[in-house]
>>> print(open('entry.pdb').read())   # PDB, C-alpha atoms, pLDDT in the B column
ATOM      1  CA  MET T  11     -13.338 -16.295   7.325  1.00 74.00           C
ATOM      2  CA  TYR T  12     -13.076 -17.387   3.690  1.00 71.00           C
ATOM      3  CA  ALA T  13     -16.746 -16.546   3.101  1.00 79.00           C
ATOM      4  CA  LEU T  14     -16.269 -13.071   4.593  1.00 82.00           C
ATOM      5  CA  PHE T  15     -13.132 -12.580   2.489  1.00 87.00           C
ATOM      6  CA  LEU T  16     -15.072 -13.437  -0.678  1.00 85.00           C
ATOM      7  CA  LYS T  17     -17.916 -11.151   0.393  1.00 83.00           C
ATOM      8  CA  GLU T  18     -15.522  -8.234   0.898  1.00 83.00           C
ATOM      9  CA  LEU T  19     -13.703  -8.899  -2.375  1.00 84.00           C
ATOM     10  CA  ASN T  20     -16.994  -9.151  -4.241  1.00 86.00           C
ATOM     11  CA  ALA T  21     -18.084  -5.848  -2.679  1.00 83.00           C
ATOM     12  CA  PHE T  22     -15.012  -4.187  -4.194  1.00 82.00           C
ATOM     13  CA  LEU T  23     -15.371  -5.806  -7.606  1.00 81.00           C
ATOM     14  CA  SER T  24     -19.131  -5.398  -7.888  1.00 83.00           C
ATOM     15  CA  SER T  25     -18.948  -1.655  -7.294  1.00 82.00           C
ATOM     16  CA  LEU T  26     -17.195   1.102  -9.169  1.00 86.00           C
ATOM     17  CA  LEU T  27     -14.721   1.741  -6.348  1.00 82.00           C
ATOM     18  CA  GLY T  28     -12.439  -1.200  -7.061  1.00 84.00           C
ATOM     19  CA  TYR T  29     -12.289  -0.513 -10.782  1.00 88.00           C
ATOM     20  CA  VAL T  30     -11.855   3.235 -10.293  1.00 89.00           C
ATOM     21  CA  VAL T  31      -8.835   2.645  -8.030  1.00 88.00           C
ATOM     22  CA  ILE T  32      -7.216   0.272 -10.535  1.00 89.00           C
ATOM     23  CA  VAL T  33      -7.929   2.485 -13.558  1.00 91.00           C
ATOM     24  CA  VAL T  34      -6.823   5.705 -11.849  1.00 91.00           C
ATOM     25  CA  PHE T  35      -3.552   4.113 -10.780  1.00 92.00           C
ATOM     26  CA  LEU T  36      -2.764   2.595 -14.179  1.00 91.00           C
ATOM     27  CA  VAL T  37      -3.748   5.698 -16.162  1.00 92.00           C
ATOM     28  CA  ALA T  38      -1.840   8.096 -13.901  1.00 91.00           C
ATOM     29  CA  VAL T  39       1.307   5.951 -13.874  1.00 89.00           C
ATOM     30  CA  GLY T  40       1.051   5.371 -17.630  1.00 88.00           C
ATOM     31  CA  LEU T  41       0.831   9.117 -18.280  1.00 89.00           C
ATOM     32  CA  PHE T  42       3.853   9.872 -16.124  1.00 86.00           C
ATOM     33  CA  LEU T  43       5.941   7.068 -17.638  1.00 84.00           C
ATOM     34  CA  TRP T  44       5.028   7.406 -21.308  1.00 82.00           C
ATOM     35  CA  VAL T  45       3.328  10.740 -22.052  1.00 83.00           C
ATOM     36  CA  PHE T  46       4.169  13.642 -19.738  1.00 84.00           C
ATOM     37  CA  PRO T  47       7.600  15.246 -20.340  1.00 81.00           C
ATOM     38  CA  THR T  48       8.896  14.549 -16.824  1.00 77.00           C
ATOM     39  CA  ASP T  49      12.067  13.010 -15.417  1.00 77.00           C
ATOM     40  CA  PHE T  50      10.152   9.710 -15.243  1.00 76.00           C
ATOM     41  CA  ASN T  51       9.328   9.544 -18.966  1.00 79.00           C
ATOM     42  CA  LEU T  52      10.777   6.251 -20.192  1.00 74.00           C
ATOM     43  CA  LEU T  53      11.156   7.298 -23.820  1.00 72.00           C
ATOM     44  CA  ASP T  54      12.922  10.563 -22.970  1.00 72.00           C
ATOM     45  CA  TYR T  55      15.092   9.091 -20.231  1.00 66.00           C
ATOM     46  CA  GLY T  56      17.036   6.908 -22.639  1.00 63.00           C
ATOM     47  CA  TYR T  57      17.780   4.082 -20.192  1.00 67.00           C
ATOM     48  CA  ALA T  58      16.089   0.696 -19.956  1.00 63.00           C
ATOM     49  CA  ASN T  59      14.643   0.817 -16.448  1.00 73.00           C
ATOM     50  CA  VAL T  60      11.313   1.493 -14.815  1.00 79.00           C
ATOM     51  CA  ASP T  61      12.536   3.237 -11.669  1.00 80.00           C
ATOM     52  CA  GLY T  62       9.928   5.948 -12.241  1.00 83.00           C
ATOM     53  CA  LEU T  63       7.143   3.444 -11.602  1.00 87.00           C
ATOM     54  CA  PHE T  64       8.475   2.666  -8.134  1.00 90.00           C
ATOM     55  CA  ILE T  65       8.992   6.332  -7.311  1.00 89.00           C
ATOM     56  CA  ILE T  66       5.486   7.366  -8.371  1.00 91.00           C
ATOM     57  CA  ALA T  67       3.543   4.325  -7.106  1.00 93.00           C
ATOM     58  CA  PRO T  68       4.004   4.881  -3.323  1.00 94.00           C
ATOM     59  CA  PHE T  69       2.612   8.405  -3.599  1.00 94.00           C
ATOM     60  CA  MET T  70      -0.333   7.156  -5.647  1.00 93.00           C
ATOM     61  CA  PHE T  71      -1.103   4.418  -3.129  1.00 94.00           C
ATOM     62  CA  LEU T  72      -0.900   6.898  -0.242  1.00 94.00           C
ATOM     63  CA  PHE T  73      -4.302   8.079  -1.516  1.00 94.00           C
ATOM     64  CA  LEU T  74      -5.721   5.073  -3.357  1.00 93.00           C
ATOM     65  CA  ILE T  75      -5.319   2.467  -0.609  1.00 95.00           C
ATOM     66  CA  PRO T  76      -7.133   4.647   1.988  1.00 95.00           C
ATOM     67  CA  ALA T  77      -9.909   5.068  -0.582  1.00 93.00           C
ATOM     68  CA  VAL T  78     -10.275   1.277  -0.659  1.00 92.00           C
ATOM     69  CA  THR T  79     -10.008   0.637   3.084  1.00 94.00           C
ATOM     70  CA  MET T  80     -12.035   3.601   4.381  1.00 93.00           C
ATOM     71  CA  ARG T  81     -15.305   1.654   4.271  1.00 89.00           C
ATOM     72  CA  ALA T  82     -13.972  -1.527   5.939  1.00 88.00           C
ATOM     73  CA  PHE T  83     -15.378  -0.825   9.415  1.00 90.00           C
ATOM     74  CA  SER T  84     -16.667   2.736   9.196  1.00 89.00           C
ATOM     75  CA  ASP T  85     -19.418   1.669   6.789  1.00 83.00           C
ATOM     76  CA  GLU T  86     -20.344  -1.245   9.062  1.00 82.00           C
ATOM     77  CA  LYS T  87     -20.615   1.151  12.011  1.00 82.00           C
ATOM     78  CA  LYS T  88     -22.656   3.716  10.150  1.00 81.00           C
ATOM     79  CA  SER T  89     -25.122   1.174   8.755  1.00 79.00           C
ATOM     80  CA  GLY T  90     -25.399  -0.653  12.074  1.00 74.00           C
ATOM     81  CA  THR T  91     -24.329  -4.020  10.616  1.00 78.00           C
ATOM     82  CA  ILE T  92     -21.208  -4.226  12.763  1.00 77.00           C
ATOM     83  CA  GLU T  93     -23.220  -5.766  15.603  1.00 74.00           C
ATOM     84  CA  LEU T  94     -24.343  -8.541  13.276  1.00 76.00           C
ATOM     85  CA  LEU T  95     -20.810  -8.970  11.933  1.00 77.00           C
ATOM     86  CA  PHE T  96     -19.322  -9.598  15.361  1.00 76.00           C
ATOM     87  CA  THR T  97     -22.031 -12.117  16.273  1.00 74.00           C
ATOM     88  CA  ARG T  98     -20.748 -14.453  13.570  1.00 78.00           C
ATOM     89  CA  PRO T  99     -18.811 -17.540  14.728  1.00 78.00           C
ATOM     90  CA  LEU T 100     -15.533 -15.837  13.887  1.00 80.00           C
ATOM     91  CA  SER T 101     -12.835 -14.338  16.065  1.00 85.00           C
ATOM     92  CA  ASP T 102     -12.150 -10.616  15.874  1.00 85.00           C
ATOM     93  CA  LEU T 103      -8.828 -11.317  14.179  1.00 89.00           C
ATOM     94  CA  SER T 104     -10.491 -13.489  11.536  1.00 91.00           C
ATOM     95  CA  ILE T 105     -12.921 -10.689  10.664  1.00 90.00           C
ATOM     96  CA  ILE T 106     -10.137  -8.093  10.540  1.00 93.00           C
ATOM     97  CA  PHE T 107      -7.867 -10.359   8.510  1.00 93.00           C
ATOM     98  CA  ALA T 108     -10.612 -11.185   5.991  1.00 93.00           C
ATOM     99  CA  LYS T 109     -11.203  -7.494   5.327  1.00 94.00           C
ATOM    100  CA  TYR T 110      -7.476  -6.865   5.200  1.00 96.00           C
ATOM    101  CA  LEU T 111      -6.805  -9.642   2.682  1.00 96.00           C
ATOM    102  CA  ALA T 112      -9.634  -8.498   0.394  1.00 94.00           C
ATOM    103  CA  ALA T 113      -8.280  -4.930   0.295  1.00 94.00           C
ATOM    104  CA  PHE T 114      -4.704  -6.148  -0.172  1.00 96.00           C
ATOM    105  CA  LEU T 115      -5.708  -8.434  -3.039  1.00 94.00           C
ATOM    106  CA  LEU T 116      -7.296  -5.478  -4.826  1.00 93.00           C
ATOM    107  CA  PHE T 117      -3.979  -3.651  -4.421  1.00 94.00           C
ATOM    108  CA  VAL T 118      -2.132  -6.631  -5.930  1.00 94.00           C
ATOM    109  CA  LEU T 119      -4.577  -6.762  -8.850  1.00 92.00           C
ATOM    110  CA  SER T 120      -3.829  -3.110  -9.606  1.00 92.00           C
ATOM    111  CA  LEU T 121      -0.108  -3.917  -9.778  1.00 92.00           C
ATOM    112  CA  LEU T 122      -0.335  -6.911 -12.105  1.00 92.00           C
ATOM    113  CA  PRO T 123      -0.890  -4.898 -15.322  1.00 91.00           C
ATOM    114  CA  THR T 124       2.334  -2.967 -14.623  1.00 89.00           C
ATOM    115  CA  LEU T 125       4.236  -6.111 -15.653  1.00 90.00           C
ATOM    116  CA  ILE T 126       3.531  -4.853 -19.183  1.00 89.00           C
ATOM    117  CA  TYR T 127       5.941  -1.987 -18.502  1.00 85.00           C
ATOM    118  CA  TYR T 128       8.687  -4.437 -17.608  1.00 86.00           C
ATOM    119  CA  TYR T 129       8.087  -6.408 -20.791  1.00 87.00           C
ATOM    120  CA  SER T 130       8.006  -3.202 -22.869  1.00 84.00           C
ATOM    121  CA  ILE T 131      11.332  -1.963 -21.502  1.00 82.00           C
ATOM    122  CA  TRP T 132      12.769  -5.454 -21.926  1.00 84.00           C
ATOM    123  CA  GLN T 133      11.913  -5.264 -25.621  1.00 82.00           C
ATOM    124  CA  LEU T 134      13.032  -1.641 -26.025  1.00 76.00           C
ATOM    125  CA  GLY T 135      16.435  -2.270 -24.470  1.00 72.00           C
ATOM    126  CA  LEU T 136      19.542  -2.333 -26.623  1.00 72.00           C
ATOM    127  CA  PRO T 137      20.031  -5.240 -26.921  1.00 77.00           C
ATOM    128  CA  PRO T 138      16.572  -6.577 -25.869  1.00 77.00           C
ATOM    129  CA  GLY T 139      16.685  -7.763 -22.283  1.00 72.00           C
ATOM    130  CA  ASN T 140      19.219  -5.121 -21.225  1.00 73.00           C
ATOM    131  CA  ILE T 141      17.387  -4.207 -18.026  1.00 77.00           C
ATOM    132  CA  ASP T 142      18.210  -4.434 -14.324  1.00 76.00           C
ATOM    133  CA  SER T 143      15.859  -7.302 -13.533  1.00 80.00           C
ATOM    134  CA  GLY T 144      17.120  -7.629  -9.958  1.00 80.00           C
ATOM    135  CA  GLY T 145      16.313  -4.006  -9.246  1.00 81.00           C
ATOM    136  CA  TYR T 146      12.880  -4.353 -10.845  1.00 86.00           C
ATOM    137  CA  TRP T 147      11.828  -7.444  -8.913  1.00 89.00           C
ATOM    138  CA  GLY T 148      13.311  -6.103  -5.675  1.00 88.00           C
ATOM    139  CA  SER T 149      11.350  -2.872  -6.140  1.00 89.00           C
ATOM    140  CA  LEU T 150       8.179  -4.823  -6.906  1.00 92.00           C
ATOM    141  CA  ILE T 151       8.595  -6.906  -3.754  1.00 93.00           C
ATOM    142  CA  GLY T 152       9.231  -3.707  -1.793  1.00 93.00           C
ATOM    143  CA  LEU T 153       6.070  -2.154  -3.229  1.00 94.00           C
ATOM    144  CA  LEU T 154       4.052  -5.212  -2.226  1.00 95.00           C
ATOM    145  CA  PHE T 155       5.304  -4.977   1.347  1.00 96.00           C
ATOM    146  CA  LEU T 156       4.696  -1.228   1.372  1.00 96.00           C
ATOM    147  CA  GLY T 157       1.148  -1.795   0.114  1.00 96.00           C
ATOM    148  CA  ALA T 158       0.606  -4.423   2.811  1.00 96.00           C
ATOM    149  CA  SER T 159       1.563  -1.875   5.469  1.00 97.00           C
ATOM    150  CA  PHE T 160      -0.560   0.894   3.941  1.00 97.00           C
ATOM    151  CA  THR T 161      -3.525  -1.499   3.827  1.00 97.00           C
ATOM    152  CA  ALA T 162      -3.150  -2.384   7.508  1.00 97.00           C
ATOM    153  CA  ILE T 163      -2.987   1.324   8.373  1.00 97.00           C
ATOM    154  CA  GLY T 164      -6.125   1.948   6.306  1.00 96.00           C
ATOM    155  CA  ILE T 165      -8.009  -0.847   8.089  1.00 96.00           C
ATOM    156  CA  PHE T 166      -6.953   0.610  11.442  1.00 97.00           C
ATOM    157  CA  ALA T 167      -8.058   4.119  10.442  1.00 96.00           C
ATOM    158  CA  SER T 168     -11.430   2.734   9.347  1.00 94.00           C
ATOM    159  CA  SER T 169     -11.944   1.231  12.793  1.00 93.00           C
ATOM    160  CA  LEU T 170     -11.505   4.647  14.430  1.00 93.00           C
ATOM    161  CA  SER T 171     -14.524   6.392  12.906  1.00 90.00           C
ATOM    162  CA  ASP T 172     -17.963   5.712  11.456  1.00 88.00           C
ATOM    163  CA  ASN T 173     -17.313   8.447   8.879  1.00 92.00           C
ATOM    164  CA  GLN T 174     -15.598   7.226   5.717  1.00 93.00           C
ATOM    165  CA  VAL T 175     -14.122  10.638   4.901  1.00 94.00           C
ATOM    166  CA  VAL T 176     -12.561  10.882   8.354  1.00 95.00           C
ATOM    167  CA  ALA T 177     -11.184   7.335   7.997  1.00 95.00           C
ATOM    168  CA  PHE T 178      -9.782   8.269   4.569  1.00 96.00           C
ATOM    169  CA  ILE T 179      -8.003  11.367   5.900  1.00 96.00           C
ATOM    170  CA  LEU T 180      -6.660   9.575   8.980  1.00 96.00           C
ATOM    171  CA  ALA T 181      -5.248   6.778   6.823  1.00 97.00           C
ATOM    172  CA  ILE T 182      -3.473   9.290   4.572  1.00 97.00           C
ATOM    173  CA  ILE T 183      -1.993  11.168   7.540  1.00 97.00           C
ATOM    174  CA  ILE T 184      -0.733   8.031   9.307  1.00 96.00           C
ATOM    175  CA  SER T 185       0.604   6.456   6.098  1.00 96.00           C
ATOM    176  CA  ALA T 186       2.330   9.659   4.989  1.00 96.00           C
ATOM    177  CA  THR T 187       3.882  10.090   8.425  1.00 95.00           C
ATOM    178  CA  ALA T 188       5.167   6.510   8.443  1.00 95.00           C
ATOM    179  CA  TYR T 189       6.489   6.777   4.887  1.00 94.00           C
ATOM    180  CA  LEU T 190       7.821  10.342   4.736  1.00 93.00           C
ATOM    181  CA  GLY T 191       7.820  11.695   8.292  1.00 92.00           C
ATOM    182  CA  PHE T 192      10.947   9.967   9.557  1.00 87.00           C
ATOM    183  CA  GLU T 193      12.762  10.762   6.314  1.00 89.00           C
ATOM    184  CA  PHE T 194      11.938  14.441   6.846  1.00 87.00           C
ATOM    185  CA  ILE T 195      13.191  14.376  10.440  1.00 85.00           C
ATOM    186  CA  TYR T 196      16.383  12.672   9.233  1.00 85.00           C
ATOM    187  CA  SER T 197      16.951  15.425   6.652  1.00 82.00           C
ATOM    188  CA  LEU T 198      16.880  18.083   9.399  1.00 82.00           C
ATOM    189  CA  GLU T 199      19.963  16.527  11.056  1.00 77.00           C
ATOM    190  CA  TRP T 200      18.787  17.468  14.527  1.00 79.00           C
ATOM    191  CA  PHE T 201      19.814  14.338  16.419  1.00 76.00           C
ATOM    192  CA  GLY T 202      23.391  13.697  15.311  1.00 77.00           C
ATOM    193  CA  GLU T 203      24.278  10.035  15.642  1.00 78.00           C
ATOM    194  CA  MET T 204      20.622   9.160  16.146  1.00 82.00           C
ATOM    195  CA  ASP T 205      19.613  10.438  12.695  1.00 83.00           C
ATOM    196  CA  LEU T 206      20.256   7.117  10.944  1.00 85.00           C
ATOM    197  CA  PHE T 207      18.271   5.260  13.580  1.00 86.00           C
ATOM    198  CA  ILE T 208      15.348   7.676  13.177  1.00 88.00           C
ATOM    199  CA  ARG T 209      15.500   7.223   9.404  1.00 88.00           C
ATOM    200  CA  SER T 210      15.397   3.441   9.844  1.00 89.00           C
ATOM    201  CA  LEU T 211      12.059   3.771  11.655  1.00 90.00           C
ATOM    202  CA  GLY T 212      10.382   5.012   8.477  1.00 93.00           C
ATOM    203  CA  MET T 213       9.008   2.941   5.616  1.00 95.00           C
ATOM    204  CA  SER T 214      10.882   4.895   2.967  1.00 93.00           C
ATOM    205  CA  ALA T 215      14.314   3.693   4.103  1.00 92.00           C
ATOM    206  CA  HIS T 216      13.285   0.030   4.018  1.00 93.00           C
ATOM    207  CA  TYR T 217      11.452   0.438   0.719  1.00 93.00           C
ATOM    208  CA  SER T 218      14.564   2.032  -0.811  1.00 90.00           C
ATOM    209  CA  SER T 219      16.679  -0.821   0.538  1.00 90.00           C
ATOM    210  CA  LEU T 220      14.486  -3.445  -1.152  1.00 89.00           C
ATOM    211  CA  SER T 221      14.496  -1.389  -4.357  1.00 84.00           C
ATOM    212  CA  ARG T 222      18.204  -2.032  -4.732  1.00 81.00           C
ATOM    213  CA  GLY T 223      17.367  -5.609  -5.618  1.00 76.00           C
ATOM    214  CA  VAL T 224      18.534  -7.279  -2.400  1.00 79.00           C
ATOM    215  CA  VAL T 225      15.769  -8.729  -0.243  1.00 83.00           C
ATOM    216  CA  ASP T 226      17.097  -8.161   3.265  1.00 86.00           C
ATOM    217  CA  THR T 227      15.306 -10.044   6.027  1.00 91.00           C
ATOM    218  CA  ARG T 228      15.451  -6.916   8.200  1.00 92.00           C
ATOM    219  CA  ASP T 229      13.343  -5.022   5.677  1.00 93.00           C
ATOM    220  CA  VAL T 230      10.897  -7.907   5.339  1.00 94.00           C
ATOM    221  CA  ILE T 231      10.546  -8.222   9.116  1.00 96.00           C
ATOM    222  CA  TYR T 232      10.038  -4.447   9.397  1.00 96.00           C
ATOM    223  CA  PHE T 233       7.121  -4.379   6.944  1.00 96.00           C
ATOM    224  CA  LEU T 234       5.530  -7.517   8.377  1.00 96.00           C
ATOM    225  CA  SER T 235       5.830  -6.001  11.847  1.00 96.00           C
ATOM    226  CA  MET T 236       4.222  -2.748  10.695  1.00 96.00           C
ATOM    227  CA  ALA T 237       1.288  -4.614   9.161  1.00 97.00           C
ATOM    228  CA  ALA T 238       0.913  -6.808  12.255  1.00 96.00           C
ATOM    229  CA  LEU T 239       1.108  -3.777  14.565  1.00 97.00           C
ATOM    230  CA  PHE T 240      -1.745  -1.919  12.886  1.00 97.00           C
ATOM    231  CA  LEU T 241      -3.898  -5.031  12.604  1.00 96.00           C
ATOM    232  CA  PHE T 242      -3.359  -5.597  16.332  1.00 95.00           C
ATOM    233  CA  LEU T 243      -4.251  -1.951  17.007  1.00 96.00           C
ATOM    234  CA  THR T 244      -7.424  -2.490  14.971  1.00 95.00           C
ATOM    235  CA  LYS T 245      -8.335  -5.487  17.128  1.00 93.00           C
ATOM    236  CA  PHE T 246      -7.564  -3.540  20.304  1.00 92.00           C
ATOM    237  CA  ASN T 247      -9.683  -0.600  19.185  1.00 90.00           C
ATOM    238  CA  LEU T 248     -12.650  -2.778  18.216  1.00 87.00           C
ATOM    239  CA  SER T 249     -12.454  -4.909  21.356  1.00 83.00           C
ATOM    240  CA  ARG T 250     -12.880  -1.788  23.529  1.00 75.00           C
ATOM    241  CA  ARG T 251     -16.433  -1.417  22.216  1.00 61.00           C
ATOM    242  CA  LYS T 252     -19.187  -3.808  23.195  1.00 50.00           C
ATOM    243  CA  TRP T 253     -22.143  -4.052  20.804  1.00 47.00           C
TER     244      TRP T 253
END
>>> encode(input="entry.pdb", output="structure tokens")
Amino acid sequence: MYALFLKELNAFLSSLLGYVVIVVFLVAVGLFLWVFPTDFNLLDYGYANVDGLFIIAPFMFLFLIPAVTMRAFSDEKKSGTIELLFTRPLSDLSIIFAKYLAAFLLFVLSLLPTLIYYYSIWQLGLPPGNIDSGGYWGSLIGLLFLGASFTAIGIFASSLSDNQVVAFILAIIISATAYLGFEFIYSLEWFGEMDLFIRSLGMSAHYSSLSRGVVDTRDVIYFLSMAALFLFLTKFNLSRRKW
């Protein structure tokens, strides 16, 4: 499994895709936080926090993570190498998990440079260090869990089709539904007392909870369960086909 993980990670880092995803994310977030005259502009906002980063990032990763994961299995199917892959002395879960970890690590690598924003706001605060560190680290942890779930969804979507574009679109639709769909249904107030329960089924509610700086085990279990669910669905989908 470790060899396959390294192979997948090297495939990302030896091609333009991995670097394009990282650069696009960092440039886009940097423009919104420091250049564009938006509500997220740190210099115009006047307060020492980086909440804008954690508002913008989920929407960026709704598109960037599917771009990374779309080739995981769809490319193997299209090129015909999936038969060879599943003849290796590895379980289905080991193969799926190796691809998942490689894609997730690329996501983590794209987040690491954003620590510069935290340091910058720390220095710009009056006095220096006047920043809600608990909220920042809670939001960062929430973003990591959110990215883990998006990655699992992307891997699942890739297992559904041998067309990378189709896998990309499916991953966006499923991720957007899981992140925003339940929040939208909640806003309609159609179900009365059930509205809060429906909202709790969506990723957005749990991500917002972690962003407050308190790491609740219920939120952690939710995101781990979401990732595990879609990895299991990937295994189920692949096991239905015999090569």
>>> closest_atom_pairs(input="entry.pdb", of="range 107-170 of chain T", to="range 90-100 of chain T", cutoff="12 Å", atoms="all atoms listed in the file", output="Markdown table")
| residue | atom | partner | partner_atom | distance |
| --- | --- | --- | --- | --- |
| T:Phe107 | CA | T:Leu100 | CA | 10.8 |
| T:Ala108 | CA | T:Leu100 | CA | 10.4 |
| T:Lys109 | CA | T:Leu95 | CA | 11.8 |
| T:Ser169 | CA | T:Ile92 | CA | 10.8 |
>>> atom_distance(input="entry.pdb", atom1="CA of Met236 in chain T", atom2="CA of Ile163 in chain T")
8.6 Å
>>> atom_distance(input="entry.pdb", atom1="CA of Val34 in chain T", atom2="CA of Ala67 in chain T")
11.5 Å
>>> residues_around(input="entry.pdb", residues="Ala181 in chain T", least_positions_apart="5", cutoff="6 Å", atoms="all atoms listed in the file", output="mmCIF file with C-alpha atoms, in the frame of the given file")
data_model
loop_
_atom_site.group_PDB
_atom_site.id
_atom_site.type_symbol
_atom_site.label_atom_id
_atom_site.label_comp_id
_atom_site.auth_asym_id
_atom_site.auth_seq_id
_atom_site.Cartn_x
_atom_site.Cartn_y
_atom_site.Cartn_z
ATOM 1 C CA PRO T 76 -7.133 4.647 1.988
ATOM 2 C CA GLY T 164 -6.125 1.948 6.306
ATOM 3 C CA ALA T 167 -8.058 4.119 10.442
#
>>> atom_distance(input="entry.pdb", atom1="CA of Gly191 in chain T", atom2="CA of Gly212 in chain T")
7.2 Å
>>> residues_around(input="entry.pdb", residues="Trp147 in chain T", least_positions_apart="6", cutoff="12 Å", atoms="all atoms listed in the file", output="ChimeraX atom specification")
/T:59-61,64,124-125,128,141,153-154,220-225
>>> resolve_selection(input="entry.pdb", expression="the PyMOL selection byres ((chain T and resi 129) around 12)", output="list in words")
Ala58, Asn59, Val60, Pro123, Thr124, Leu125, Ile126, Tyr127, Tyr128, Ser130, Ile131, Trp132, Gln133, Leu134, Gly135, Pro138, Gly139, Asn140, Ile141, Ser143 and Tyr146 of chain T
>>> closest_residue(input="entry.pdb", among="T:Trp200, T:Phe166, T:Phe246, T:Phe73", to="Ala186 in chain T", atoms="all atoms listed in the file")
T:Phe73
>>> closest_residue(input="entry.pdb", among="T:Thr227, T:Ser235, T:Ser219, T:Ser171", to="Asn247 in chain T", atoms="all atoms listed in the file")
T:Ser171
>>> closest_residue(input="entry.pdb", among="T:Leu156, T:Ile106, T:Ile151, T:Val176", to="Phe233 in chain T", atoms="only C-alpha atoms")
T:Leu156
>>> residues_near_point(input="entry.pdb", point="(9.5, 6.5, -10.1)", cutoff="12 Å", atoms="only C-alpha atoms", output="ChimeraX atom specification")
/T:39-40,42-43,48-52,55,59-70,146,149-150,153,218,221
>>> write_last_selection(input="entry.pdb", atoms="C-alpha atoms", output="PDB file, keeping the file's coordinate frame")
ATOM      1  CA  VAL T  39       1.307   5.951 -13.874  1.00 89.00           C
ATOM      2  CA  GLY T  40       1.051   5.371 -17.630  1.00 88.00           C
ATOM      3  CA  PHE T  42       3.853   9.872 -16.124  1.00 86.00           C
ATOM      4  CA  LEU T  43       5.941   7.068 -17.638  1.00 84.00           C
ATOM      5  CA  THR T  48       8.896  14.549 -16.824  1.00 77.00           C
ATOM      6  CA  ASP T  49      12.067  13.010 -15.417  1.00 77.00           C
ATOM      7  CA  PHE T  50      10.152   9.710 -15.243  1.00 76.00           C
ATOM      8  CA  ASN T  51       9.328   9.544 -18.966  1.00 79.00           C
ATOM      9  CA  LEU T  52      10.777   6.251 -20.192  1.00 74.00           C
ATOM     10  CA  TYR T  55      15.092   9.091 -20.231  1.00 66.00           C
ATOM     11  CA  ASN T  59      14.643   0.817 -16.448  1.00 73.00           C
ATOM     12  CA  VAL T  60      11.313   1.493 -14.815  1.00 79.00           C
ATOM     13  CA  ASP T  61      12.536   3.237 -11.669  1.00 80.00           C
ATOM     14  CA  GLY T  62       9.928   5.948 -12.241  1.00 83.00           C
ATOM     15  CA  LEU T  63       7.143   3.444 -11.602  1.00 87.00           C
ATOM     16  CA  PHE T  64       8.475   2.666  -8.134  1.00 90.00           C
ATOM     17  CA  ILE T  65       8.992   6.332  -7.311  1.00 89.00           C
ATOM     18  CA  ILE T  66       5.486   7.366  -8.371  1.00 91.00           C
ATOM     19  CA  ALA T  67       3.543   4.325  -7.106  1.00 93.00           C
ATOM     20  CA  PRO T  68       4.004   4.881  -3.323  1.00 94.00           C
ATOM     21  CA  PHE T  69       2.612   8.405  -3.599  1.00 94.00           C
ATOM     22  CA  MET T  70      -0.333   7.156  -5.647  1.00 93.00           C
ATOM     23  CA  TYR T 146      12.880  -4.353 -10.845  1.00 86.00           C
ATOM     24  CA  SER T 149      11.350  -2.872  -6.140  1.00 89.00           C
ATOM     25  CA  LEU T 150       8.179  -4.823  -6.906  1.00 92.00           C
ATOM     26  CA  LEU T 153       6.070  -2.154  -3.229  1.00 94.00           C
ATOM     27  CA  SER T 218      14.564   2.032  -0.811  1.00 90.00           C
ATOM     28  CA  SER T 221      14.496  -1.389  -4.357  1.00 84.00           C
TER      29      SER T 221
END
>>> closest_residue(input="entry.pdb", among="T:Ala82, T:Ala21, T:Leu26, T:Leu111", to="Gly157 in chain T", atoms="only C-alpha atoms")
T:Leu111
>>> resolve_selection(input="entry.pdb", expression="the PyMOL selection byres ((chain T and resi 31) around 8)", output="PyMOL selection string")
chain T and resi 27-30+32-35+74+77-78+120
>>> closest_residue(input="entry.pdb", among="T:Tyr189, T:Tyr110, T:Tyr196, T:Phe178", to="Ala237 in chain T", atoms="all atoms listed in the file")
T:Tyr110
>>> closest_residue(input="entry.pdb", among="T:Glu193, T:Glu18, T:Asp54, T:Asp102", to="Arg250 in chain T", atoms="only C-alpha atoms")
T:Asp102
>>> resolve_selection(input="entry.pdb", expression="the PyMOL selection byres ((chain T and resi 172) around 9)", output="PyMOL selection string")
chain T and resi 81+83-89+168-171+173-174+176-177
>>> decode(input="entry.pdb", residues="range 23-41 of chain T", atoms="C-alpha atoms", output="PDB file, in the first residue's frame")
ATOM      1  CA  LEU T  23       3.739  16.106  -7.982  1.00  0.00           C
ATOM      2  CA  SER T  24       5.404  15.106 -11.240  1.00  0.00           C
ATOM      3  CA  SER T  25       2.604  16.585 -13.331  1.00  0.00           C
ATOM      4  CA  LEU T  26       1.240  20.086 -13.586  1.00  0.00           C
ATOM      5  CA  LEU T  27      -2.076  19.145 -11.973  1.00  0.00           C
ATOM      6  CA  GLY T  28      -0.845  19.094  -8.388  1.00  0.00           C
ATOM      7  CA  TYR T  29       0.988  22.393  -8.697  1.00  0.00           C
ATOM      8  CA  VAL T  30      -1.866  24.050 -10.591  1.00  0.00           C
ATOM      9  CA  VAL T  31      -4.316  23.134  -7.807  1.00  0.00           C
ATOM     10  CA  ILE T  32      -2.010  24.512  -5.103  1.00  0.00           C
ATOM     11  CA  VAL T  33      -1.169  27.703  -7.014  1.00  0.00           C
ATOM     12  CA  VAL T  34      -4.769  28.401  -8.047  1.00  0.00           C
ATOM     13  CA  PHE T  35      -5.960  28.011  -4.467  1.00  0.00           C
ATOM     14  CA  LEU T  36      -3.244  30.198  -2.945  1.00  0.00           C
ATOM     15  CA  VAL T  37      -3.486  32.920  -5.601  1.00  0.00           C
ATOM     16  CA  ALA T  38      -7.290  33.080  -5.496  1.00  0.00           C
ATOM     17  CA  VAL T  39      -7.424  33.178  -1.691  1.00  0.00           C
ATOM     18  CA  GLY T  40      -4.587  35.717  -1.568  1.00  0.00           C
ATOM     19  CA  LEU T  41      -6.421  38.013  -3.990  1.00  0.00           C
TER      20      LEU T  41
END
